[in-house]
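As provided, my_file_15.txt (compact mmCIF, N, CA and C atoms) reads as follows.
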```txt
# COMPACT_ATOMS: atom_id res chain seq x y z
N MET A 1 54.77 0.29 34.88
CA MET A 1 53.50 0.95 35.19
C MET A 1 53.84 2.28 35.87
N ARG A 2 53.06 3.32 35.50
CA ARG A 2 53.28 4.64 36.08
C ARG A 2 51.94 5.23 36.50
N ILE A 3 51.98 6.13 37.47
CA ILE A 3 50.82 6.91 37.88
C ILE A 3 51.09 8.34 37.46
N ALA A 4 50.13 8.98 36.81
CA ALA A 4 50.28 10.37 36.41
C ALA A 4 49.15 11.19 37.05
N LEU A 5 49.53 12.32 37.63
CA LEU A 5 48.56 13.22 38.26
C LEU A 5 48.50 14.51 37.45
N PHE A 6 47.33 14.79 36.90
CA PHE A 6 47.11 16.00 36.11
C PHE A 6 46.79 17.17 37.03
N GLU A 7 47.70 18.14 37.07
CA GLU A 7 47.52 19.38 37.83
C GLU A 7 46.98 19.14 39.25
N PRO A 8 47.66 18.32 40.02
CA PRO A 8 47.18 18.03 41.39
C PRO A 8 47.12 19.30 42.24
N GLU A 9 46.15 19.34 43.13
CA GLU A 9 45.91 20.56 43.92
C GLU A 9 46.24 20.41 45.40
N ILE A 10 46.32 19.19 45.89
CA ILE A 10 46.46 18.98 47.33
C ILE A 10 47.77 18.24 47.61
N ALA A 11 48.67 18.92 48.33
CA ALA A 11 50.00 18.38 48.60
C ALA A 11 49.93 17.03 49.30
N GLY A 12 49.05 16.86 50.26
CA GLY A 12 48.94 15.60 50.99
C GLY A 12 48.57 14.44 50.09
N ASN A 13 47.72 14.67 49.09
CA ASN A 13 47.38 13.61 48.14
C ASN A 13 48.60 13.20 47.33
N VAL A 14 49.36 14.19 46.89
CA VAL A 14 50.56 13.89 46.11
C VAL A 14 51.54 13.09 46.96
N GLY A 15 51.72 13.49 48.20
CA GLY A 15 52.61 12.76 49.10
C GLY A 15 52.17 11.32 49.28
N ALA A 16 50.87 11.11 49.44
CA ALA A 16 50.35 9.75 49.61
C ALA A 16 50.56 8.92 48.34
N VAL A 17 50.40 9.53 47.17
CA VAL A 17 50.62 8.82 45.91
C VAL A 17 52.11 8.50 45.72
N LEU A 18 52.97 9.40 46.15
CA LEU A 18 54.41 9.12 46.08
C LEU A 18 54.76 7.92 46.96
N ARG A 19 54.18 7.86 48.13
CA ARG A 19 54.42 6.72 49.03
C ARG A 19 53.89 5.44 48.39
N LEU A 20 52.71 5.51 47.78
CA LEU A 20 52.14 4.36 47.07
C LEU A 20 53.09 3.89 45.97
N GLY A 21 53.58 4.83 45.18
CA GLY A 21 54.52 4.47 44.11
C GLY A 21 55.76 3.81 44.64
N ALA A 22 56.28 4.32 45.74
CA ALA A 22 57.47 3.73 46.36
C ALA A 22 57.19 2.30 46.81
N CYS A 23 56.07 2.09 47.45
CA CYS A 23 55.74 0.77 47.99
C CYS A 23 55.46 -0.27 46.91
N LEU A 24 54.85 0.15 45.82
CA LEU A 24 54.46 -0.80 44.78
C LEU A 24 55.33 -0.75 43.54
N GLY A 25 56.34 0.11 43.54
CA GLY A 25 57.30 0.14 42.43
C GLY A 25 56.82 0.83 41.17
N ALA A 26 55.97 1.82 41.31
CA ALA A 26 55.48 2.57 40.15
C ALA A 26 56.03 3.99 40.17
N GLY A 27 56.51 4.45 39.03
CA GLY A 27 56.94 5.83 38.91
C GLY A 27 55.74 6.76 38.96
N VAL A 28 55.99 8.01 39.33
CA VAL A 28 54.91 9.00 39.43
C VAL A 28 55.26 10.21 38.59
N ASP A 29 54.32 10.61 37.73
CA ASP A 29 54.46 11.79 36.89
C ASP A 29 53.52 12.87 37.39
N LEU A 30 54.06 14.06 37.60
CA LEU A 30 53.28 15.21 38.05
C LEU A 30 53.19 16.21 36.91
N ILE A 31 51.97 16.47 36.46
CA ILE A 31 51.74 17.38 35.34
C ILE A 31 51.37 18.74 35.89
N GLU A 32 52.21 19.71 35.66
CA GLU A 32 52.02 21.07 36.19
C GLU A 32 51.05 21.85 35.31
N PRO A 33 50.49 22.93 35.89
CA PRO A 33 50.81 23.50 37.20
C PRO A 33 50.14 22.73 38.34
N MET A 34 50.79 22.79 39.49
CA MET A 34 50.24 22.17 40.69
C MET A 34 49.65 23.26 41.57
N GLY A 35 48.74 22.88 42.44
CA GLY A 35 48.05 23.84 43.29
C GLY A 35 48.80 24.17 44.57
N PHE A 36 50.08 23.86 44.63
CA PHE A 36 50.90 24.10 45.82
C PHE A 36 52.35 24.18 45.38
N VAL A 37 53.19 24.69 46.24
CA VAL A 37 54.62 24.76 45.97
C VAL A 37 55.22 23.37 46.15
N TRP A 38 56.03 22.92 45.20
CA TRP A 38 56.57 21.56 45.21
C TRP A 38 57.28 21.21 46.51
N ASP A 39 58.01 22.11 47.08
CA ASP A 39 58.76 21.79 48.30
C ASP A 39 57.90 21.91 49.56
N ASP A 40 56.62 21.92 49.37
CA ASP A 40 55.68 22.00 50.48
C ASP A 40 55.96 20.90 51.50
N ARG A 41 56.05 21.25 52.75
CA ARG A 41 56.33 20.27 53.81
C ARG A 41 55.24 19.21 53.91
N ARG A 42 54.03 19.54 53.43
CA ARG A 42 52.93 18.57 53.48
C ARG A 42 53.17 17.40 52.53
N VAL A 43 53.88 17.64 51.41
CA VAL A 43 54.22 16.54 50.50
C VAL A 43 55.15 15.58 51.23
N ARG A 44 56.20 16.12 51.84
CA ARG A 44 57.18 15.28 52.52
C ARG A 44 56.55 14.58 53.73
N ARG A 45 55.65 15.26 54.43
CA ARG A 45 55.02 14.64 55.60
C ARG A 45 54.20 13.42 55.19
N ALA A 46 53.44 13.54 54.10
CA ALA A 46 52.63 12.41 53.65
C ALA A 46 53.49 11.31 53.04
N ALA A 47 54.54 11.70 52.31
CA ALA A 47 55.39 10.70 51.65
C ALA A 47 56.41 10.11 52.62
N MET A 48 56.71 10.84 53.69
CA MET A 48 57.71 10.45 54.69
C MET A 48 59.03 10.15 53.97
N ASP A 49 59.79 9.21 54.45
CA ASP A 49 61.08 8.91 53.82
C ASP A 49 60.92 8.04 52.56
N TYR A 50 59.70 7.68 52.21
CA TYR A 50 59.45 6.89 51.02
C TYR A 50 59.73 7.69 49.75
N ILE A 51 59.74 9.00 49.85
CA ILE A 51 59.96 9.85 48.68
C ILE A 51 61.31 9.56 48.03
N ASP A 52 62.24 9.03 48.82
CA ASP A 52 63.56 8.69 48.29
C ASP A 52 63.56 7.37 47.53
N HIS A 53 62.42 6.66 47.51
CA HIS A 53 62.35 5.35 46.87
C HIS A 53 61.37 5.31 45.69
N VAL A 54 61.03 6.48 45.17
CA VAL A 54 60.11 6.53 44.03
C VAL A 54 60.68 7.45 42.97
N GLU A 55 60.50 7.06 41.72
CA GLU A 55 60.92 7.91 40.61
C GLU A 55 59.81 8.93 40.35
N VAL A 56 60.14 10.21 40.55
CA VAL A 56 59.18 11.29 40.34
C VAL A 56 59.65 12.13 39.17
N THR A 57 58.75 12.37 38.23
CA THR A 57 59.06 13.23 37.09
C THR A 57 58.02 14.33 37.02
N ARG A 58 58.50 15.57 36.97
CA ARG A 58 57.60 16.72 36.82
C ARG A 58 57.61 17.15 35.36
N HIS A 59 56.42 17.50 34.86
CA HIS A 59 56.27 17.92 33.47
C HIS A 59 55.67 19.32 33.44
N ALA A 60 56.18 20.17 32.57
CA ALA A 60 55.76 21.58 32.49
C ALA A 60 54.30 21.75 32.06
N GLY A 61 53.70 20.74 31.53
CA GLY A 61 52.30 20.77 31.11
C GLY A 61 51.94 19.45 30.45
N PHE A 62 50.69 19.34 30.01
CA PHE A 62 50.24 18.07 29.44
C PHE A 62 50.97 17.71 28.16
N ASP A 63 51.25 18.68 27.31
CA ASP A 63 51.95 18.39 26.06
C ASP A 63 53.34 17.80 26.33
N ALA A 64 54.05 18.37 27.29
CA ALA A 64 55.38 17.86 27.65
C ALA A 64 55.26 16.45 28.22
N PHE A 65 54.27 16.22 29.03
CA PHE A 65 54.03 14.89 29.60
C PHE A 65 53.76 13.89 28.49
N ARG A 66 52.85 14.23 27.60
CA ARG A 66 52.47 13.33 26.50
C ARG A 66 53.68 12.98 25.65
N ALA A 67 54.52 13.97 25.36
CA ALA A 67 55.73 13.72 24.56
C ALA A 67 56.68 12.77 25.31
N ALA A 68 56.80 12.94 26.60
CA ALA A 68 57.70 12.10 27.39
C ALA A 68 57.20 10.66 27.49
N MET A 69 55.90 10.45 27.40
CA MET A 69 55.34 9.09 27.52
C MET A 69 55.48 8.30 26.23
N GLY A 70 55.71 8.97 25.12
CA GLY A 70 55.89 8.27 23.85
C GLY A 70 54.68 7.45 23.48
N THR A 71 54.88 6.16 23.25
CA THR A 71 53.79 5.30 22.79
C THR A 71 53.08 4.57 23.94
N ARG A 72 53.42 4.90 25.18
CA ARG A 72 52.74 4.24 26.30
C ARG A 72 51.24 4.56 26.28
N ARG A 73 50.43 3.61 26.67
CA ARG A 73 48.98 3.80 26.68
C ARG A 73 48.57 4.60 27.91
N LEU A 74 47.78 5.64 27.68
CA LEU A 74 47.22 6.45 28.76
C LEU A 74 45.84 5.90 29.12
N VAL A 75 45.69 5.52 30.39
CA VAL A 75 44.41 5.02 30.89
C VAL A 75 43.90 6.05 31.89
N LEU A 76 42.86 6.76 31.50
CA LEU A 76 42.29 7.81 32.34
C LEU A 76 41.24 7.22 33.29
N PHE A 77 41.39 7.53 34.56
CA PHE A 77 40.38 7.16 35.55
C PHE A 77 39.47 8.36 35.73
N THR A 78 38.18 8.14 35.42
CA THR A 78 37.23 9.24 35.42
C THR A 78 35.84 8.76 35.82
N THR A 79 35.13 9.60 36.53
CA THR A 79 33.74 9.28 36.89
C THR A 79 32.83 9.40 35.68
N LYS A 80 33.34 9.94 34.57
CA LYS A 80 32.53 10.13 33.37
C LYS A 80 32.53 8.92 32.45
N SER A 81 33.23 7.87 32.84
CA SER A 81 33.27 6.66 32.02
C SER A 81 32.28 5.63 32.55
N SER A 82 31.83 4.76 31.68
CA SER A 82 30.98 3.65 32.12
C SER A 82 31.75 2.34 32.11
N GLU A 83 33.00 2.34 31.63
CA GLU A 83 33.79 1.11 31.59
C GLU A 83 34.39 0.81 32.97
N ASP A 84 34.08 -0.34 33.50
CA ASP A 84 34.52 -0.77 34.82
C ASP A 84 36.02 -1.04 34.81
N ALA A 85 36.75 -0.43 35.69
CA ALA A 85 38.20 -0.61 35.78
C ALA A 85 38.58 -2.06 36.08
N TYR A 86 37.69 -2.80 36.74
CA TYR A 86 38.00 -4.18 37.09
C TYR A 86 37.74 -5.15 35.93
N ALA A 87 37.02 -4.71 34.92
CA ALA A 87 36.80 -5.52 33.72
C ALA A 87 37.81 -5.15 32.63
N PHE A 88 38.45 -4.02 32.77
CA PHE A 88 39.44 -3.53 31.81
C PHE A 88 40.71 -4.39 31.87
N ARG A 89 41.38 -4.57 30.74
CA ARG A 89 42.62 -5.36 30.69
C ARG A 89 43.82 -4.41 30.64
N PHE A 90 44.54 -4.34 31.75
CA PHE A 90 45.72 -3.49 31.85
C PHE A 90 46.93 -4.16 31.21
N GLN A 91 47.90 -3.32 30.81
CA GLN A 91 49.17 -3.78 30.26
C GLN A 91 50.29 -3.27 31.16
N PRO A 92 51.41 -3.99 31.25
CA PRO A 92 52.48 -3.64 32.19
C PRO A 92 53.06 -2.23 32.03
N ASP A 93 53.00 -1.66 30.83
CA ASP A 93 53.59 -0.32 30.64
C ASP A 93 52.54 0.79 30.57
N ASP A 94 51.33 0.51 31.06
CA ASP A 94 50.28 1.54 31.08
C ASP A 94 50.66 2.70 31.99
N VAL A 95 50.11 3.86 31.65
CA VAL A 95 50.20 5.04 32.50
C VAL A 95 48.80 5.31 33.02
N LEU A 96 48.62 5.23 34.34
CA LEU A 96 47.31 5.44 34.96
C LEU A 96 47.19 6.93 35.27
N LEU A 97 46.29 7.60 34.58
CA LEU A 97 46.16 9.06 34.67
C LEU A 97 44.96 9.44 35.52
N PHE A 98 45.20 10.38 36.45
CA PHE A 98 44.15 10.88 37.34
C PHE A 98 44.09 12.40 37.22
N GLY A 99 42.87 12.93 37.17
CA GLY A 99 42.68 14.36 37.04
C GLY A 99 42.80 15.09 38.35
N LYS A 100 42.77 16.41 38.25
CA LYS A 100 42.86 17.24 39.46
C LYS A 100 41.65 17.02 40.35
N GLU A 101 41.84 17.20 41.62
CA GLU A 101 40.83 16.88 42.62
C GLU A 101 39.51 17.61 42.39
N SER A 102 39.56 18.86 41.97
CA SER A 102 38.33 19.65 41.87
C SER A 102 37.59 19.51 40.55
N ALA A 103 38.29 19.09 39.48
CA ALA A 103 37.64 19.14 38.17
C ALA A 103 38.01 18.01 37.22
N GLY A 104 38.84 17.08 37.62
CA GLY A 104 39.25 16.02 36.69
C GLY A 104 40.16 16.56 35.62
N VAL A 105 39.96 16.12 34.38
CA VAL A 105 40.76 16.62 33.26
C VAL A 105 39.83 17.29 32.25
N PRO A 106 40.35 18.24 31.47
CA PRO A 106 39.52 18.84 30.43
C PRO A 106 39.24 17.84 29.30
N ALA A 107 38.21 18.12 28.51
CA ALA A 107 37.79 17.22 27.43
C ALA A 107 38.91 16.93 26.45
N GLU A 108 39.76 17.91 26.17
CA GLU A 108 40.84 17.67 25.20
C GLU A 108 41.89 16.68 25.73
N VAL A 109 42.08 16.61 27.03
CA VAL A 109 42.98 15.61 27.62
C VAL A 109 42.31 14.24 27.57
N SER A 110 41.07 14.18 27.96
CA SER A 110 40.33 12.92 27.91
C SER A 110 40.33 12.33 26.49
N ALA A 111 40.19 13.18 25.50
CA ALA A 111 40.08 12.74 24.11
C ALA A 111 41.34 12.04 23.61
N VAL A 112 42.51 12.38 24.13
CA VAL A 112 43.74 11.75 23.65
C VAL A 112 44.12 10.50 24.43
N CYS A 113 43.38 10.18 25.47
CA CYS A 113 43.66 8.96 26.24
C CYS A 113 43.14 7.75 25.47
N GLU A 114 43.93 6.69 25.48
CA GLU A 114 43.55 5.48 24.76
C GLU A 114 42.41 4.73 25.43
N ALA A 115 42.24 4.95 26.73
CA ALA A 115 41.15 4.29 27.46
C ALA A 115 40.67 5.20 28.58
N ARG A 116 39.38 5.07 28.91
CA ARG A 116 38.78 5.80 30.03
C ARG A 116 37.99 4.78 30.84
N VAL A 117 38.34 4.69 32.13
CA VAL A 117 37.69 3.69 32.99
C VAL A 117 37.22 4.35 34.27
N ARG A 118 36.33 3.65 34.95
CA ARG A 118 35.72 4.16 36.19
C ARG A 118 35.86 3.12 37.29
N LEU A 119 36.22 3.59 38.46
CA LEU A 119 36.21 2.71 39.63
C LEU A 119 34.76 2.63 40.13
N PRO A 120 34.25 1.43 40.34
CA PRO A 120 32.86 1.33 40.79
C PRO A 120 32.68 1.88 42.20
N MET A 121 31.57 2.56 42.40
CA MET A 121 31.23 3.09 43.72
C MET A 121 29.73 3.31 43.79
N ARG A 122 29.25 3.54 44.97
CA ARG A 122 27.81 3.75 45.18
C ARG A 122 27.35 5.01 44.45
N PRO A 123 26.14 4.99 43.90
CA PRO A 123 25.65 6.14 43.14
C PRO A 123 25.35 7.38 43.99
N GLN A 124 25.25 7.23 45.30
CA GLN A 124 24.93 8.37 46.17
C GLN A 124 26.12 9.30 46.37
N VAL A 125 27.32 8.88 45.96
CA VAL A 125 28.51 9.70 46.18
C VAL A 125 29.12 10.11 44.85
N ARG A 126 29.89 11.18 44.88
CA ARG A 126 30.41 11.77 43.65
C ARG A 126 31.76 11.18 43.22
N SER A 127 32.69 11.08 44.16
CA SER A 127 34.02 10.59 43.78
C SER A 127 34.81 10.18 45.02
N MET A 128 35.89 9.43 44.77
CA MET A 128 36.79 9.01 45.85
C MET A 128 37.94 10.00 45.96
N ASN A 129 38.65 9.91 47.07
CA ASN A 129 39.88 10.68 47.25
C ASN A 129 40.89 10.24 46.18
N LEU A 130 41.69 11.18 45.72
CA LEU A 130 42.66 10.91 44.67
C LEU A 130 43.62 9.79 45.05
N ALA A 131 44.21 9.84 46.22
CA ALA A 131 45.17 8.82 46.63
C ALA A 131 44.50 7.45 46.79
N THR A 132 43.28 7.43 47.27
CA THR A 132 42.54 6.17 47.40
C THR A 132 42.27 5.58 46.03
N SER A 133 41.84 6.41 45.09
CA SER A 133 41.60 5.95 43.72
C SER A 133 42.87 5.40 43.09
N ALA A 134 43.97 6.10 43.27
CA ALA A 134 45.24 5.64 42.71
C ALA A 134 45.64 4.29 43.30
N ALA A 135 45.43 4.11 44.59
CA ALA A 135 45.78 2.84 45.24
C ALA A 135 44.94 1.69 44.70
N LEU A 136 43.64 1.90 44.58
CA LEU A 136 42.78 0.85 44.04
C LEU A 136 43.16 0.52 42.60
N ALA A 137 43.39 1.55 41.81
CA ALA A 137 43.71 1.37 40.39
C ALA A 137 45.05 0.67 40.20
N LEU A 138 46.07 1.16 40.88
CA LEU A 138 47.40 0.57 40.72
C LEU A 138 47.42 -0.88 41.23
N GLY A 139 46.78 -1.12 42.35
CA GLY A 139 46.72 -2.49 42.87
C GLY A 139 46.10 -3.46 41.88
N GLU A 140 45.00 -3.06 41.27
CA GLU A 140 44.33 -3.92 40.30
C GLU A 140 45.18 -4.09 39.04
N ALA A 141 45.77 -3.00 38.56
CA ALA A 141 46.59 -3.07 37.34
C ALA A 141 47.80 -3.98 37.55
N LEU A 142 48.46 -3.86 38.69
CA LEU A 142 49.62 -4.71 38.98
C LEU A 142 49.20 -6.16 39.19
N ARG A 143 48.04 -6.37 39.83
CA ARG A 143 47.54 -7.74 40.02
C ARG A 143 47.29 -8.41 38.69
N GLN A 144 46.59 -7.68 37.81
CA GLN A 144 46.26 -8.25 36.50
C GLN A 144 47.50 -8.59 35.68
N THR A 145 48.50 -7.75 35.76
CA THR A 145 49.70 -7.94 34.93
C THR A 145 50.75 -8.82 35.61
N GLY A 146 50.44 -9.31 36.80
CA GLY A 146 51.36 -10.18 37.51
C GLY A 146 52.63 -9.49 37.96
N THR A 147 52.54 -8.18 38.24
CA THR A 147 53.72 -7.41 38.59
C THR A 147 53.66 -6.82 40.00
N LEU A 148 52.78 -7.35 40.84
CA LEU A 148 52.78 -6.92 42.24
C LEU A 148 54.11 -7.29 42.88
N PRO A 149 54.71 -6.39 43.66
CA PRO A 149 55.97 -6.73 44.30
C PRO A 149 55.77 -7.74 45.44
N GLY A 150 56.89 -8.42 45.76
CA GLY A 150 56.89 -9.31 46.92
C GLY A 150 56.08 -10.54 46.75
```
Take the structure in the file and give it back as structure tokens.
Amino acid sequence: MRIALFEPEIAGNVGAVLRLGACLGAGVDLIEPMGFVWDDRRVRRAAMDYIDHVEVTRHAGFDAFRAAMGTRRLVLFTTKSSEDAYAFRFQPDDVLLFGKESAGVPAEVSAVCEARVRLPMRPQVRSMNLATSAALALGEALRQTGTLPG
């Protein structure tokens, strides 16, 4: 299982997702361009020493990322879907894709994803924090596939 971040904009979110990946054993793919310099101290501060325990792969753009994923299924988490992420059936080699904090993913990226799911939330709010969404999604995907560590 992998987490992919499409053009992430906030270093602290990326750091938190790296720590999540380290703790739960999921690789993290970063699809450039990013909204900050990679060696930003805020990434390391949020990831702490966990950054040394996660496989991180940077991709020059979405096409390079897609080519690197091969036949793995892309599951896009989006507020534009009506399919409940908790009713969806995850597979152990899924790639959980999250869009940039300010705009999600463009329509052409959404169109090539094999699945689009939504985390349930109250209708009065627009969206969750990126790292929080990734944690909920990865936890459920690993639970369903029986691959939670420990």
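The space separating CA of Phe62 in chain A from CA of Tyr86 in chain A comes to 26.5 Å.
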- Task: Write out as a PyMOL selection string the residues lying within 7 Å of range 96-101 of chain A, counting only C-alpha atoms and excluding same-chain residues fewer than 5 positions away.
- Result: chain A and resi 2-9+74-77+130
Export, as a PDB file, keeping the file's coordinate frame, the selected residues with N, CA and C atoms.
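Result written to part31.pdb:
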```pdb
ATOM      1  N   ARG A   2      53.060   3.320  35.500  1.00  0.00           N
ATOM      2  CA  ARG A   2      53.280   4.640  36.080  1.00  0.00           C
ATOM      3  C   ARG A   2      51.940   5.230  36.500  1.00  0.00           C
ATOM      4  N   ILE A   3      51.980   6.130  37.470  1.00  0.00           N
ATOM      5  CA  ILE A   3      50.820   6.910  37.880  1.00  0.00           C
ATOM      6  C   ILE A   3      51.090   8.340  37.460  1.00  0.00           C
ATOM      7  N   ALA A   4      50.130   8.980  36.810  1.00  0.00           N
ATOM      8  CA  ALA A   4      50.280  10.370  36.410  1.00  0.00           C
ATOM      9  C   ALA A   4      49.150  11.190  37.050  1.00  0.00           C
ATOM     10  N   LEU A   5      49.530  12.320  37.630  1.00  0.00           N
ATOM     11  CA  LEU A   5      48.560  13.220  38.260  1.00  0.00           C
ATOM     12  C   LEU A   5      48.500  14.510  37.450  1.00  0.00           C
ATOM     13  N   PHE A   6      47.330  14.790  36.900  1.00  0.00           N
ATOM     14  CA  PHE A   6      47.110  16.000  36.110  1.00  0.00           C
ATOM     15  C   PHE A   6      46.790  17.170  37.030  1.00  0.00           C
ATOM     16  N   GLU A   7      47.700  18.140  37.070  1.00  0.00           N
ATOM     17  CA  GLU A   7      47.520  19.380  37.830  1.00  0.00           C
ATOM     18  C   GLU A   7      46.980  19.140  39.250  1.00  0.00           C
ATOM     19  N   PRO A   8      47.660  18.320  40.020  1.00  0.00           N
ATOM     20  CA  PRO A   8      47.180  18.030  41.390  1.00  0.00           C
ATOM     21  C   PRO A   8      47.120  19.300  42.240  1.00  0.00           C
ATOM     22  N   GLU A   9      46.150  19.340  43.130  1.00  0.00           N
ATOM     23  CA  GLU A   9      45.910  20.560  43.920  1.00  0.00           C
ATOM     24  C   GLU A   9      46.240  20.410  45.400  1.00  0.00           C
ATOM     25  N   LEU A  74      47.780   5.640  27.680  1.00  0.00           N
ATOM     26  CA  LEU A  74      47.220   6.450  28.760  1.00  0.00           C
ATOM     27  C   LEU A  74      45.840   5.900  29.120  1.00  0.00           C
ATOM     28  N   VAL A  75      45.690   5.520  30.390  1.00  0.00           N
ATOM     29  CA  VAL A  75      44.410   5.020  30.890  1.00  0.00           C
ATOM     30  C   VAL A  75      43.900   6.050  31.890  1.00  0.00           C
ATOM     31  N   LEU A  76      42.860   6.760  31.500  1.00  0.00           N
ATOM     32  CA  LEU A  76      42.290   7.810  32.340  1.00  0.00           C
ATOM     33  C   LEU A  76      41.240   7.220  33.290  1.00  0.00           C
ATOM     34  N   PHE A  77      41.390   7.530  34.560  1.00  0.00           N
ATOM     35  CA  PHE A  77      40.380   7.160  35.550  1.00  0.00           C
ATOM     36  C   PHE A  77      39.470   8.360  35.730  1.00  0.00           C
ATOM     37  N   LEU A 130      41.690  11.180  45.720  1.00  0.00           N
ATOM     38  CA  LEU A 130      42.660  10.910  44.670  1.00  0.00           C
ATOM     39  C   LEU A 130      43.620   9.790  45.050  1.00  0.00           C
TER      40      LEU A 130
END
```
- Could you give me, as JSON, numbers by chain, each residue of range 3-127 of chain A that DSSP assigns to alpha helix (DSSP H) when run on this structure's backbone? {"A": [11, 12, 13, 14, 15, 16, 17, 18, 19, 20, 21, 22, 23, 24, 41, 42, 43, 44, 45, 46, 47, 62, 63, 64, 65, 66, 67, 68, 69, 107, 108, 109, 110, 111, 112]}
- Task: Enumerate as a list of chain:residue names all residues of range 8-99 of chain A assigned to strand (DSSP E or B) by DSSP on the backbone, naming them with the chain letters and numbers the document uses.
- Result: A:Gly27, A:Val28, A:Asp29, A:Leu30, A:Ile31, A:Val56, A:Thr57, A:Arg58, A:His59, A:Leu74, A:Val75, A:Leu76, A:Phe77, A:Asp84, A:Val95, A:Leu96, A:Leu97, A:Phe98
- Min atom-atom distance to Leu136 in chain A from the set A:Ala11, A:Cys113, A:Leu119, A:Pro149, counting only N, CA and C atoms, belongs to A:Leu119
- Nearest to Ser81 in chain A, chosen from A:Val17, A:Ala135, A:Val117, A:Val112, with all atoms listed in the file counted in the distances: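 Closest residue, counting all atoms listed in the file: A:Val117.
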- Atom pair atom C of Thr71 in chain A + atom C of Met1 in chain A, distance 12.2 Å
- Pick out the residues sitting within 7 Å of His59 in chain A, and hand them over as a count of residues only; count all atoms listed in the file, and ignore anything fewer than 2 positions along from it in its own chain. 10
Which centre and edge lengths in Å to one decimal define the box along x, y and z that fits every listed atom of range 15-26 of chain A plus 4 Å per side, as JSON?
```
{"center_x": 53.9, "center_y": 6.3, "center_z": 44.9, "size_x": 15.1, "size_y": 22.3, "size_z": 17.5}
```
- Task: Would you list the contacts of Val14 in chain A as number ranges by chain, taking every protein, DNA or RNA residue within 6.5 Å and counting all atoms listed in the file, but skipping same-chain residues closer than 4 positions in sequence?
- Result: A: 10, 18-19, 43, 47
Determine, for each residue of range 7-122 of chain A having at least one atom at most 9 Å from an atom of range 139-142 of chain A, the closest pair of atoms and their separation in Å to one decimal, counting only C-alpha atoms; order by chain and ascending number, as a Markdown table.
```
| residue | atom | partner | partner_atom | distance |
| --- | --- | --- | --- | --- |
| A:Leu24 | CA | A:Gly139 | CA | 8.1 |
| A:Ala85 | CA | A:Glu140 | CA | 8.3 |
| A:Tyr86 | CA | A:Glu140 | CA | 7.1 |
| A:Arg89 | CA | A:Ala141 | CA | 8.1 |
| A:Phe90 | CA | A:Ala141 | CA | 5.6 |
| A:Gln91 | CA | A:Ala141 | CA | 7.6 |
| A:Pro92 | CA | A:Leu142 | CA | 7.4 |
| A:Asp94 | CA | A:Ala141 | CA | 8.6 |
| A:Leu96 | CA | A:Ala141 | CA | 8.9 |
```
- Nearest candidate to Lys80 in chain A (options A:Arg118, A:Gly25, A:Met34, A:Asn13; using only N, CA and C atoms):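 That would be A:Arg118, the residue with the smallest distance to Lys80 in chain A.
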- Message: Could you tell me how far CA of Glu55 in chain A sits from CA of Asp39 in chain A, in Å to one decimal place?
- Response: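 Separation of CA of Asp39 in chain A and CA of Glu55 in chain A: 16.0 Å.
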- Find the residue from A:Asp63, A:Ser110, A:Gly12, A:Val28 that sits nearest to Arg41 in chain A; use only C-alpha atoms when measuring.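 Once distances to Arg41 in chain A are computed over only C-alpha atoms, the minimum belongs to A:Gly12.
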Within 8 Å of Tyr50 in chain A, counting all atoms listed in the file, which residues qualify if same-chain residues fewer than 6 places away don't, as a short mmCIF file (atom, residue, chain, number, x, y, z; two decimals) with N, CA and C atoms, keeping the file's coordinate frame?
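Final file, selection09.cif:
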```cif
data_model
loop_
_atom_site.label_atom_id
_atom_site.label_comp_id
_atom_site.auth_asym_id
_atom_site.auth_seq_id
_atom_site.Cartn_x
_atom_site.Cartn_y
_atom_site.Cartn_z
N LEU A 18 52.97 9.40 46.15
CA LEU A 18 54.41 9.12 46.08
C LEU A 18 54.76 7.92 46.96
N ARG A 19 54.18 7.86 48.13
CA ARG A 19 54.42 6.72 49.03
C ARG A 19 53.89 5.44 48.39
N LEU A 20 52.71 5.51 47.78
CA LEU A 20 52.14 4.36 47.07
C LEU A 20 53.09 3.89 45.97
N GLY A 21 53.58 4.83 45.18
CA GLY A 21 54.52 4.47 44.11
C GLY A 21 55.76 3.81 44.64
N ALA A 22 56.28 4.32 45.74
CA ALA A 22 57.47 3.73 46.36
C ALA A 22 57.19 2.30 46.81
N CYS A 23 56.07 2.09 47.45
CA CYS A 23 55.74 0.77 47.99
C CYS A 23 55.46 -0.27 46.91
N ARG A 44 56.20 16.12 51.84
CA ARG A 44 57.18 15.28 52.52
C ARG A 44 56.55 14.58 53.73
#
```
- Message: Measuring between only C-alpha atoms, which one of A:Val37, A:Leu148, A:Ala115, A:Met69 shows the shortest distance to Glu83 in chain A?
- Response: A:Ala115
- Message: Please determine, counting only C-alpha atoms, which residue among A:Ala26, A:Ile51, A:Ala134, A:Val109 has the shortest atom-to-atom distance to Arg66 in chain A.
- Response: A:Val109
